[in-house]
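Student: Provided herewith: entry36.cif, mmCIF, C-alpha atoms and all ligand atoms.
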```cif
data_start
loop_
_atom_site.label_atom_id
_atom_site.label_comp_id
_atom_site.auth_asym_id
_atom_site.auth_seq_id
_atom_site.Cartn_x
_atom_site.Cartn_y
_atom_site.Cartn_z
CA MET A 1 -0.84 -22.50 25.65
CA LYS A 2 -3.21 -24.77 23.73
CA VAL A 3 -3.59 -24.20 19.99
CA PHE A 4 -6.72 -25.43 18.17
CA ARG A 5 -7.02 -25.62 14.40
CA GLY A 6 -10.68 -24.67 14.07
CA LEU A 7 -13.23 -24.82 16.88
CA PRO A 8 -12.33 -27.22 19.69
CA ASN A 9 -14.40 -30.39 19.85
CA ALA A 10 -17.05 -30.63 22.56
CA ALA A 11 -14.75 -32.25 25.14
CA ALA A 12 -12.10 -29.56 24.77
CA ARG A 13 -14.42 -26.55 25.08
CA ALA A 14 -14.09 -24.39 28.18
CA PRO A 15 -15.77 -21.14 29.27
CA CYS A 16 -13.53 -18.33 28.12
CA ALA A 17 -12.71 -14.64 28.06
CA LEU A 18 -12.12 -14.02 24.37
CA THR A 19 -10.85 -11.56 21.84
CA ILE A 20 -10.93 -11.88 18.06
CA GLY A 21 -8.68 -10.53 15.31
CA ASN A 22 -5.70 -11.00 13.05
CA PHE A 23 -3.08 -9.93 15.58
CA ASP A 24 -0.43 -9.57 12.90
CA GLY A 25 2.69 -8.40 14.74
CA VAL A 26 0.97 -8.35 18.18
CA HIS A 27 1.58 -4.60 18.51
CA LEU A 28 0.99 -2.40 21.57
CA GLY A 29 -2.73 -2.01 20.76
CA HIS A 30 -3.09 -5.80 20.66
CA GLN A 31 -1.03 -6.16 23.83
CA ALA A 32 -3.37 -3.78 25.72
CA LEU A 33 -6.31 -5.87 24.54
CA LEU A 34 -4.63 -9.15 25.56
CA ALA A 35 -3.81 -7.77 29.02
CA ARG A 36 -7.50 -6.99 29.54
CA VAL A 37 -8.48 -10.50 28.42
CA ARG A 38 -5.95 -12.03 30.83
CA ALA A 39 -7.23 -9.87 33.70
CA ALA A 40 -10.89 -10.73 32.99
CA ALA A 41 -10.04 -14.45 32.77
CA ASP A 42 -8.32 -14.28 36.17
CA ARG A 43 -11.15 -12.30 37.74
CA LEU A 44 -13.90 -14.59 36.43
CA GLY A 45 -12.09 -17.95 36.54
CA LEU A 46 -12.10 -18.39 32.74
CA GLU A 47 -9.58 -19.41 30.09
CA ALA A 48 -7.96 -16.44 28.31
CA ALA A 49 -8.64 -17.13 24.62
CA VAL A 50 -7.88 -15.61 21.22
CA MET A 51 -9.59 -16.43 17.94
CA THR A 52 -7.44 -15.62 14.93
CA PHE A 53 -7.58 -16.47 11.24
CA GLU A 54 -5.41 -18.32 8.76
CA PRO A 55 -5.15 -17.18 6.04
CA HIS A 56 -5.61 -13.49 6.86
CA PRO A 57 -9.15 -12.63 5.63
CA ARG A 58 -7.79 -10.02 3.21
CA GLU A 59 -5.39 -12.70 1.85
CA PHE A 60 -8.37 -14.99 1.30
CA PHE A 61 -10.33 -12.33 -0.60
CA ALA A 62 -7.26 -11.34 -2.65
CA HIS A 63 -6.89 -15.01 -3.74
CA LYS A 64 -10.55 -15.12 -4.66
CA LEU A 65 -10.18 -11.99 -6.79
CA GLY A 66 -7.00 -13.42 -8.33
CA ASP A 67 -5.12 -10.29 -7.32
CA LEU A 68 -2.50 -11.17 -4.71
CA SER A 69 -1.29 -7.57 -4.58
CA LYS A 70 -4.48 -6.84 -2.59
CA ALA A 71 -3.30 -9.16 0.22
CA PRO A 72 -1.58 -7.35 3.09
CA ALA A 73 2.09 -8.10 3.56
CA ARG A 74 2.76 -10.12 6.73
CA ILE A 75 4.53 -8.67 9.74
CA ALA A 76 4.89 -12.08 11.39
CA ASN A 77 4.50 -15.74 10.54
CA LEU A 78 2.07 -17.94 12.47
CA ARG A 79 4.81 -19.33 14.71
CA ASP A 80 5.82 -15.83 15.82
CA LYS A 81 2.21 -14.81 16.33
CA LEU A 82 1.52 -17.82 18.56
CA GLN A 83 4.71 -17.17 20.54
CA SER A 84 3.67 -13.54 21.15
CA LEU A 85 0.17 -14.57 22.22
CA SER A 86 1.68 -17.06 24.65
CA ASP A 87 4.10 -14.39 25.95
CA ASN A 88 1.06 -12.20 26.62
CA GLY A 89 -0.51 -14.79 28.92
CA ILE A 90 -3.08 -16.33 26.57
CA ASP A 91 -4.20 -19.88 27.50
CA ARG A 92 -5.78 -21.02 24.22
CA VAL A 93 -5.70 -19.88 20.62
CA ILE A 94 -8.26 -20.92 18.02
CA VAL A 95 -6.70 -20.66 14.56
CA GLU A 96 -9.82 -20.60 12.40
CA HIS A 97 -9.41 -21.55 8.75
CA PHE A 98 -10.78 -18.52 6.91
CA SER A 99 -12.75 -20.10 4.06
CA SER A 100 -15.76 -19.32 1.85
CA SER A 101 -18.11 -21.03 4.30
CA PHE A 102 -16.65 -19.19 7.29
CA ALA A 103 -16.81 -15.86 5.43
CA ALA A 104 -20.47 -16.52 4.59
CA LEU A 105 -21.65 -16.85 8.22
CA THR A 106 -24.19 -14.17 9.07
CA PRO A 107 -23.53 -12.14 12.23
CA GLN A 108 -26.23 -14.16 13.99
CA GLU A 109 -24.74 -17.51 12.90
CA PHE A 110 -21.31 -16.30 13.98
CA THR A 111 -22.49 -15.47 17.49
CA GLU A 112 -24.58 -18.63 17.90
CA LYS A 113 -22.39 -21.27 16.23
CA VAL A 114 -18.95 -19.87 16.85
CA LEU A 115 -19.01 -17.73 19.98
CA VAL A 116 -21.69 -19.46 22.05
CA GLU A 117 -21.73 -23.12 20.96
CA GLY A 118 -18.17 -23.44 19.69
CA LEU A 119 -16.26 -21.37 22.20
CA HIS A 120 -18.48 -21.01 25.30
CA VAL A 121 -17.66 -17.31 25.46
CA LYS A 122 -18.54 -15.58 28.76
CA TRP A 123 -16.62 -12.34 28.33
CA LEU A 124 -15.59 -10.75 25.05
CA MET A 125 -13.41 -7.77 24.28
CA VAL A 126 -12.96 -6.21 20.85
CA GLY A 127 -11.71 -2.91 19.49
CA ASP A 128 -14.36 -0.20 19.06
CA ASP A 129 -14.16 -0.57 15.24
CA PHE A 130 -14.79 -4.34 15.30
CA CYS A 131 -16.95 -5.75 12.45
CA TYR A 132 -17.82 -9.42 11.87
CA GLY A 133 -19.89 -11.80 9.77
CA ALA A 134 -20.64 -11.86 6.04
CA ARG A 135 -19.93 -8.50 4.39
CA ARG A 136 -18.78 -7.23 7.81
CA ALA A 137 -22.42 -6.65 8.65
CA GLY A 138 -22.05 -7.23 12.41
CA ASN A 139 -20.91 -4.42 14.70
CA VAL A 140 -20.28 -3.80 18.39
CA GLN A 141 -23.92 -2.80 19.06
CA MET A 142 -25.11 -6.15 17.66
CA LEU A 143 -22.58 -8.00 19.79
CA LEU A 144 -23.84 -6.21 22.90
CA GLU A 145 -27.39 -7.32 22.06
CA ALA A 146 -26.27 -10.91 21.39
CA GLY A 147 -24.40 -10.87 24.70
CA GLN A 148 -27.59 -9.97 26.57
CA LYS A 149 -29.49 -12.72 24.79
CA TYR A 150 -26.90 -15.49 25.28
CA GLY A 151 -25.36 -14.40 28.56
CA PHE A 152 -21.90 -13.10 27.72
CA HIS A 153 -20.42 -9.76 28.63
CA VAL A 154 -19.02 -7.50 25.88
CA GLU A 155 -16.46 -4.73 26.37
CA THR A 156 -14.64 -2.54 23.89
CA LEU A 157 -11.14 -1.22 24.22
CA PRO A 158 -10.64 2.49 23.55
CA THR A 159 -8.18 3.03 20.71
CA VAL A 160 -4.54 2.77 21.73
CA MET A 161 -2.60 5.63 20.14
CA ASN A 162 1.00 6.48 19.35
CA GLY A 163 1.01 10.26 19.42
CA SER A 164 -1.83 11.26 17.15
CA THR A 165 -2.11 7.99 15.18
CA ARG A 166 -3.89 4.74 15.97
CA ILE A 167 -1.52 1.85 16.47
CA SER A 168 -2.39 -0.76 13.85
CA SER A 169 -0.81 -3.58 11.91
CA SER A 170 -1.10 -1.36 8.81
CA ALA A 171 0.98 1.37 10.49
CA VAL A 172 3.64 -1.21 11.45
CA ARG A 173 3.73 -2.50 7.84
CA GLU A 174 4.25 1.03 6.53
CA ALA A 175 7.10 1.66 8.97
CA LEU A 176 8.79 -1.64 8.06
CA HIS A 177 8.34 -0.99 4.35
CA ALA A 178 10.08 2.37 4.80
CA GLY A 179 12.90 0.73 6.82
CA GLU A 180 11.93 2.84 9.86
CA PHE A 181 12.73 0.28 12.54
CA GLU A 182 12.68 2.70 15.47
CA HIS A 183 9.15 3.69 14.58
CA ALA A 184 8.08 0.07 13.93
CA ASP A 185 9.59 -1.04 17.25
CA ALA A 186 7.78 1.81 19.06
CA LEU A 187 4.44 0.60 17.65
CA LEU A 188 5.24 -3.07 18.28
CA GLY A 189 6.64 -2.56 21.77
CA HIS A 190 9.45 -4.99 20.89
CA PRO A 191 12.21 -5.18 18.27
CA TYR A 192 11.07 -6.41 14.86
CA ALA A 193 12.34 -9.93 14.10
CA ILE A 194 11.64 -12.92 11.85
CA SER A 195 12.18 -16.41 13.23
CA GLY A 196 12.42 -19.77 11.54
CA HIS A 197 14.41 -22.92 10.98
CA VAL A 198 17.64 -22.76 9.02
CA ILE A 199 17.21 -24.50 5.66
CA HIS A 200 19.68 -25.53 2.95
CA GLY A 201 20.43 -22.91 0.28
CA GLN A 202 22.16 -23.21 -3.09
CA LYS A 203 25.55 -23.19 -1.30
CA LEU A 204 26.66 -20.51 -3.73
CA GLY A 205 27.23 -17.98 -0.94
CA ARG A 206 30.29 -19.79 0.42
CA THR A 207 31.91 -19.71 -3.04
CA LEU A 208 31.31 -15.94 -3.07
CA GLY A 209 33.06 -15.64 0.31
CA PHE A 210 29.80 -14.92 2.15
CA PRO A 211 28.23 -18.10 3.51
CA THR A 212 24.66 -17.46 4.61
CA LEU A 213 22.13 -19.22 6.76
CA ASN A 214 18.78 -19.26 5.02
CA LEU A 215 15.23 -19.00 6.35
CA ARG A 216 12.11 -19.58 4.33
CA VAL A 217 9.62 -16.70 4.48
CA PRO A 218 6.23 -18.25 3.71
CA HIS A 219 4.25 -15.04 3.17
CA ARG A 220 5.01 -11.78 1.42
CA PRO A 221 6.93 -9.86 4.09
CA ALA A 222 6.30 -6.19 4.84
CA LEU A 223 9.87 -5.29 3.91
CA SER A 224 12.63 -6.24 1.53
CA GLY A 225 16.22 -5.23 0.94
CA ILE A 226 19.59 -5.53 2.62
CA PHE A 227 19.75 -5.02 6.40
CA ILE A 228 22.01 -4.88 9.43
CA VAL A 229 20.66 -7.56 11.78
CA GLN A 230 21.55 -9.60 14.85
CA VAL A 231 20.83 -13.29 15.24
CA HIS A 232 19.44 -14.83 18.43
CA GLY A 233 19.39 -18.51 19.27
CA LEU A 234 22.88 -19.68 18.32
CA SER A 235 24.83 -18.38 21.31
CA ALA A 236 24.30 -16.59 24.61
CA GLN A 237 24.73 -13.17 22.98
CA PRO A 238 23.07 -12.08 19.73
CA LEU A 239 25.47 -12.41 16.80
CA PRO A 240 26.15 -9.43 14.48
CA ALA A 241 25.26 -10.07 10.86
CA VAL A 242 24.17 -8.66 7.51
CA ALA A 243 21.08 -9.98 5.75
CA SER A 244 19.23 -9.99 2.48
CA LEU A 245 15.44 -10.38 2.49
CA GLY A 246 13.94 -10.80 -0.96
CA VAL A 247 13.85 -12.79 -4.17
CA ARG A 248 17.59 -12.58 -5.09
CA PRO A 249 17.03 -11.37 -8.69
CA THR A 250 20.70 -11.85 -9.64
CA VAL A 251 20.68 -15.62 -9.06
CA GLU A 252 17.05 -16.74 -9.16
CA ASP A 253 13.83 -15.91 -10.99
CA SER A 254 11.35 -18.11 -9.09
CA GLY A 255 10.00 -15.19 -7.05
CA ARG A 256 10.49 -17.25 -3.86
CA VAL A 257 11.24 -15.01 -0.88
CA LEU A 258 14.22 -15.94 1.27
CA LEU A 259 15.90 -14.40 4.30
CA GLU A 260 19.67 -14.95 3.98
CA VAL A 261 21.95 -14.02 6.83
CA HIS A 262 25.72 -13.75 6.80
CA ILE A 263 26.95 -13.84 10.42
CA PHE A 264 30.35 -12.23 10.89
CA ASP A 265 33.28 -14.45 11.89
CA PHE A 266 31.09 -17.48 12.38
CA ALA A 267 31.58 -20.92 10.90
CA GLN A 268 29.16 -23.35 12.51
CA ASN A 269 26.76 -25.71 10.84
CA CYS A 270 23.28 -24.63 11.93
CA TYR A 271 20.93 -26.44 9.54
CA GLY A 272 17.65 -27.23 11.27
CA LYS A 273 18.26 -24.88 14.20
CA GLN A 274 15.66 -22.28 15.10
CA VAL A 275 16.92 -18.71 15.03
CA ARG A 276 15.42 -15.24 15.45
CA VAL A 277 16.73 -12.51 13.16
CA GLU A 278 16.30 -9.03 14.65
CA PHE A 279 16.36 -6.12 12.20
CA LEU A 280 18.39 -3.07 13.19
CA GLN A 281 18.88 -0.88 10.11
CA LYS A 282 18.23 -0.92 6.37
CA ILE A 283 21.28 -0.58 4.12
CA ARG A 284 19.73 -0.57 0.64
CA ASP A 285 17.16 -2.10 -1.72
CA GLU A 286 17.81 -5.44 -3.42
CA GLU A 287 19.38 -5.10 -6.92
CA LYS A 288 19.69 -7.31 -9.99
CA TYR A 289 23.42 -7.28 -10.78
CA VAL A 290 24.94 -8.08 -14.18
CA ASP A 291 27.22 -10.81 -12.84
CA LEU A 292 28.42 -12.53 -9.67
CA PRO A 293 31.62 -10.44 -9.21
CA THR A 294 29.48 -7.27 -9.15
CA LEU A 295 27.09 -8.89 -6.64
CA THR A 296 30.06 -9.98 -4.49
CA ALA A 297 31.47 -6.43 -4.50
CA ALA A 298 28.07 -5.09 -3.38
CA ILE A 299 27.82 -7.67 -0.56
CA ASP A 300 31.37 -6.80 0.47
CA ASN A 301 30.36 -3.16 0.76
CA ASP A 302 27.19 -4.09 2.74
CA ALA A 303 29.32 -6.15 5.12
CA SER A 304 31.69 -3.19 5.68
CA ILE A 305 28.75 -0.90 6.46
CA ALA A 306 27.33 -3.43 8.93
CA ARG A 307 30.69 -4.07 10.61
CA ALA A 308 31.18 -0.30 11.03
CA PHE A 309 27.69 -0.09 12.60
CA PHE A 310 28.54 -2.77 15.19
CA ALA A 311 31.98 -1.28 15.89
CA LYS A 312 30.40 2.14 16.53
CA ARG A 313 27.69 0.61 18.71
CA ALA A 314 30.35 -1.16 20.80
CA THR A 315 32.33 2.07 21.37
CA ASP A 316 29.12 4.07 22.07
CA ARG A 317 28.25 1.56 24.81
CA ILE A 318 31.59 1.94 26.60
C1 LIG B 401 24.43 -8.83 2.41
C2 LIG B 401 23.80 -9.49 1.21
C3 LIG B 401 23.34 -8.72 0.16
C4 LIG B 401 22.75 -9.31 -0.97
N1 LIG B 401 22.29 -8.52 -1.98
C5 LIG B 401 21.71 -9.09 -3.07
C6 LIG B 401 21.22 -8.27 -4.15
O1 LIG B 401 21.23 -7.03 -4.10
N2 LIG B 401 20.70 -8.92 -5.23
C7 LIG B 401 20.62 -10.29 -5.32
O2 LIG B 401 20.15 -10.80 -6.30
N3 LIG B 401 21.03 -11.08 -4.30
C8 LIG B 401 21.57 -10.50 -3.18
N4 LIG B 401 22.02 -11.31 -2.16
C9 LIG B 401 21.74 -12.76 -2.21
C10 LIG B 401 22.86 -13.53 -2.92
O3 LIG B 401 22.48 -13.65 -4.26
C11 LIG B 401 22.94 -14.90 -2.25
O4 LIG B 401 23.31 -14.74 -0.92
C12 LIG B 401 23.94 -15.80 -2.91
O5 LIG B 401 23.47 -16.10 -4.17
C13 LIG B 401 24.12 -17.09 -2.11
O6 LIG B 401 22.99 -17.90 -2.15
P1 LIG B 401 22.91 -19.29 -1.32
O7 LIG B 401 22.79 -18.95 0.15
O8 LIG B 401 21.63 -19.94 -1.82
O9 LIG B 401 24.11 -20.05 -1.58
C14 LIG B 401 22.62 -10.72 -1.03
C15 LIG B 401 23.08 -11.52 0.04
C16 LIG B 401 23.68 -10.92 1.15
C17 LIG B 401 24.18 -11.79 2.27
N1 LIG B 402 -4.67 0.57 18.56
C1 LIG B 402 -5.65 -0.23 18.96
N2 LIG B 402 -6.40 0.12 20.00
C2 LIG B 402 -7.40 -0.67 20.42
N3 LIG B 402 -7.74 -1.82 19.85
C3 LIG B 402 -7.04 -2.22 18.78
C4 LIG B 402 -5.96 -1.44 18.28
N4 LIG B 402 -5.45 -2.08 17.20
C5 LIG B 402 -6.17 -3.20 17.04
N5 LIG B 402 -7.14 -3.27 17.97
C6 LIG B 402 -8.14 -4.32 18.11
O1 LIG B 402 -7.44 -5.56 18.20
C7 LIG B 402 -8.23 -6.59 17.56
C8 LIG B 402 -7.38 -7.26 16.51
O2 LIG B 402 -6.97 -6.28 15.58
P1 LIG B 402 -6.53 -6.62 14.10
O3 LIG B 402 -5.21 -7.28 14.16
O4 LIG B 402 -7.60 -7.36 13.42
O5 LIG B 402 -6.45 -5.13 13.52
P2 LIG B 402 -5.30 -4.03 13.28
O6 LIG B 402 -4.14 -4.14 14.19
O7 LIG B 402 -6.01 -2.70 13.25
O8 LIG B 402 -4.80 -4.44 11.83
P3 LIG B 402 -4.97 -3.78 10.38
O9 LIG B 402 -4.21 -2.50 10.40
O10 LIG B 402 -4.37 -4.83 9.46
O11 LIG B 402 -6.44 -3.60 10.17
C9 LIG B 402 -9.45 -5.91 16.98
O12 LIG B 402 -10.51 -6.08 17.89
C10 LIG B 402 -9.02 -4.45 16.89
O13 LIG B 402 -10.12 -3.57 16.91
#
```
Please rewrite the model in this file as structure tokens.

Tutor:
Amino acid sequence: MKVFRGLPNAAARAPCALTIGNFDGVHLGHQALLARVRAAADRLGLEAAVMTFEPHPREFFAHKLGDLSKAPARIANLRDKLQSLSDNGIDRVIVEHFSSSFAALTPQEFTEKVLVEGLHVKWLMVGDDFCYGARRAGNVQMLLEAGQKYGFHVETLPTVMNGSTRISSSAVREALHAGEFEHADALLGHPYAISGHVIHGQKLGRTLGFPTLNLRVPHRPALSGIFIVQVHGLSAQPLPAVASLGVRPTVEDSGRVLLEVHIFDFAQNCYGKQVRVEFLQKIRDEEKYVDLPTLTAAIDNDASIARAFFAKRATDRI
């Protein structure tokens, strides 16, 4: 899969079947959309393409307002999003920098400069609620008209539901925030996980008896707390572990979010390796403890809960 930062230059443009959106989490609604794009690309001999935005448009507007609490939490980082798009058969992704000038494009400028000139779109699919252009003034009807004028075909995807609710990134965020992983996984169509490279921590964990591998989490995640997890990427089988995702109020006050994972009975150096941490169950919220012995006792208790979970799962499987 080819990834373009901004519109491809003239030589790299190719006629495409396209969809547009944030695709945070690549949930089942997104997957249905991507399958239709792939099928259209095959049928018409086009590249299957996705245009997505970085930062998330609502993140951009929250920054502008100076109120970061208005930015949506992130289900997935860009690496995970690109991996999911590739897994869903997409040939090229345009990661458009969402900026003031991009946000100011009128619907007409967006269709002419971006869709037609910049991307050579021949077939376009969006959700039936799709809006675009400055102040979200463009809608599906206007896209249909632009398609007739410039010679591209527009289709909409009927809403993909889970029971009586629309599957959306917002619904996944709510489920993750509540620690409801079964529900989140049902909306996502795959287990919720965060991936990244292992970085160096403060090395305090090993003195507490709980060495952890640490992953940077670049955006505000949709969940925080202490979790039972399993780690992929270090051995053939996923490794059972307990993890903390948050700002570690007992030992730090920088507000930096970190995912720290203590893998049971494991003593390998894995700095720099890429791992995927799959979330299985929430144990508790993160706490600010009065001192390190109290923190250590809490981690000890978390580890016992997680070990009991894995022991039960092993016997249930027999
Ligand atoms: C299972 C688990 C639970 C944790 N719970 C908390 C917590 O409630 N509050 C907190 O401030 N830090 C918590 N931590 C983070 C520890 O403060 C951190 O792992 C320790 O300081 C080691 O940091 P280091 O990896 O940078 O050496 C937890 C870590 C683990 C592995
Ligand atoms: N359940 C769904 N059924 C059909 N189309 C969907 C569904 N969810 C999203 N889409 C479409 O997928 C494209 C990308 O969606 P996008 O990620 O921007 O929205 P979302 O999942 O609804 O997220 P949020 O909840 O943050 O608004 C859009 O065209 C959108 O209309």

Student: Taking all atoms listed in the file into account, name the residue in A:His30, A:Lys273, A:Lys288, A:Lys312 that is nearest to Leu188 in chain A.

Tutor: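 Once distances to Leu188 in chain A are computed over all atoms listed in the file, the minimum belongs to A:His30.
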
Student: Go through the chains and note each residue within 9 Å of ligand LIG 402 (chain B), using only C-alpha atoms and all ligand atoms, then give the set as a short mmCIF file (atom, residue, chain, number, x, y, z; two decimals) with C-alpha atoms, in the coordinates of the input.

Tutor:
```
data_model
loop_
_atom_site.label_atom_id
_atom_site.label_comp_id
_atom_site.auth_asym_id
_atom_site.auth_seq_id
_atom_site.Cartn_x
_atom_site.Cartn_y
_atom_site.Cartn_z
CA THR A 19 -10.85 -11.56 21.84
CA ILE A 20 -10.93 -11.88 18.06
CA GLY A 21 -8.68 -10.53 15.31
CA ASN A 22 -5.70 -11.00 13.05
CA PHE A 23 -3.08 -9.93 15.58
CA ASP A 24 -0.43 -9.57 12.90
CA GLY A 25 2.69 -8.40 14.74
CA VAL A 26 0.97 -8.35 18.18
CA HIS A 27 1.58 -4.60 18.51
CA LEU A 28 0.99 -2.40 21.57
CA GLY A 29 -2.73 -2.01 20.76
CA HIS A 30 -3.09 -5.80 20.66
CA GLN A 31 -1.03 -6.16 23.83
CA ALA A 32 -3.37 -3.78 25.72
CA LEU A 33 -6.31 -5.87 24.54
CA LEU A 34 -4.63 -9.15 25.56
CA THR A 52 -7.44 -15.62 14.93
CA ARG A 58 -7.79 -10.02 3.21
CA PRO A 72 -1.58 -7.35 3.09
CA MET A 125 -13.41 -7.77 24.28
CA VAL A 126 -12.96 -6.21 20.85
CA GLY A 127 -11.71 -2.91 19.49
CA ASP A 128 -14.36 -0.20 19.06
CA ASP A 129 -14.16 -0.57 15.24
CA PHE A 130 -14.79 -4.34 15.30
CA CYS A 131 -16.95 -5.75 12.45
CA THR A 156 -14.64 -2.54 23.89
CA LEU A 157 -11.14 -1.22 24.22
CA PRO A 158 -10.64 2.49 23.55
CA THR A 159 -8.18 3.03 20.71
CA VAL A 160 -4.54 2.77 21.73
CA MET A 161 -2.60 5.63 20.14
CA ASN A 162 1.00 6.48 19.35
CA THR A 165 -2.11 7.99 15.18
CA ARG A 166 -3.89 4.74 15.97
CA ILE A 167 -1.52 1.85 16.47
CA SER A 168 -2.39 -0.76 13.85
CA SER A 169 -0.81 -3.58 11.91
CA SER A 170 -1.10 -1.36 8.81
CA ALA A 171 0.98 1.37 10.49
CA VAL A 172 3.64 -1.21 11.45
CA ARG A 173 3.73 -2.50 7.84
#
```

Student: Could the residues that lie within 7 Å of ligand LIG 401 (chain B), counting all atoms listed in the file, be listed as a PyMOL selection string?

Tutor: chain A and resi 201-206+210-214+226+242-244+247-251+260-262+285-289+295+298-299+302-303

Student: Please compute the CA of Tyr192 in chain A-CA of Leu280 in chain A distance, one decimal, in Å.

Tutor: 8.2 Å

Student: If you measure from CA of Phe4 in chain A to CA of Val95 in chain A, what distance in Å do you get, rounded to one decimal?

Tutor: 6.0 Å

Student: Quick one: pull the distance between CA of Phe98 in chain A and CA of Phe53 in chain A, Å, one decimal.

Tutor: 5.8 Å

Student: Need the shell around His219 in chain A: protein/DNA/RNA residues with any atom at most 8 Å away, counting only C-alpha atoms. Skip same-chain ones fewer than 3 positions apart. Format as a list in words?

Tutor: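 Within the cut-off, the hits are Ala73, Arg74 and Asn77 of chain A.
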
Student: From the list A:Val93, A:Val229, A:Leu239, A:Leu215, which residue is nearest Arg256 in chain A when using all atoms listed in the file?

Tutor: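 Distance minimum relative to Arg256 in chain A lands on A:Leu215.
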
Student: If we count only C-alpha atoms, what is near Ala14 in chain A at a cut-off of 12 Å, once residues fewer than 6 positions away on the same chain are taken out, given as a PyMOL selection string?

Tutor: chain A and resi 2+7-8+41+45-49+91-92+115-122

Student: So that I can check the surroundings of Ser69 in chain A, please list as number ranges by chain every protein, DNA and RNA residue that reaches within 12 Å of it, counting only C-alpha atoms and ignoring chain neighbours fewer than 3 positions away.

Tutor: A: 58-66, 72-73, 220

Student: With all atoms listed in the file as the basis for distance, which of A:Gly233, A:Gly133, A:Gly6, A:Pro221 is at the shortest distance from Gly272 in chain A?

Tutor: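 When distances to Gly272 in chain A are compared using all atoms listed in the file, the smallest one comes from A:Gly233.
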
Student: So that I can see what lies close to Ile305 in chain A, please list as a list in words the residues with an atom at most 10 Å from it, counting only C-alpha atoms and leaving out residues fewer than 3 positions away in the same chain.

Tutor: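 In the requested format, the answer is Phe227, Ile228, Val242, Ile283, Ile299, Asp300, Asn301, Asp302, Ala308, Phe309, Phe310 and Ala311 of chain A.
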
Student: Any chance you can output those residues with C-alpha atoms as a JSON list (two decimals), in the frame of the given file?

Tutor:
```json
[["chain", "number", "residue", "atom", "x", "y", "z"],
["A", 227, "PHE", "CA", 19.75, -5.02, 6.40],
["A", 228, "ILE", "CA", 22.01, -4.88, 9.43],
["A", 242, "VAL", "CA", 24.17, -8.66, 7.51],
["A", 283, "ILE", "CA", 21.28, -0.58, 4.12],
["A", 299, "ILE", "CA", 27.82, -7.67, -0.56],
["A", 300, "ASP", "CA", 31.37, -6.80, 0.47],
["A", 301, "ASN", "CA", 30.36, -3.16, 0.76],
["A", 302, "ASP", "CA", 27.19, -4.09, 2.74],
["A", 308, "ALA", "CA", 31.18, -0.30, 11.03],
["A", 309, "PHE", "CA", 27.69, -0.09, 12.60],
["A", 310, "PHE", "CA", 28.54, -2.77, 15.19],
["A", 311, "ALA", "CA", 31.98, -1.28, 15.89]]
```
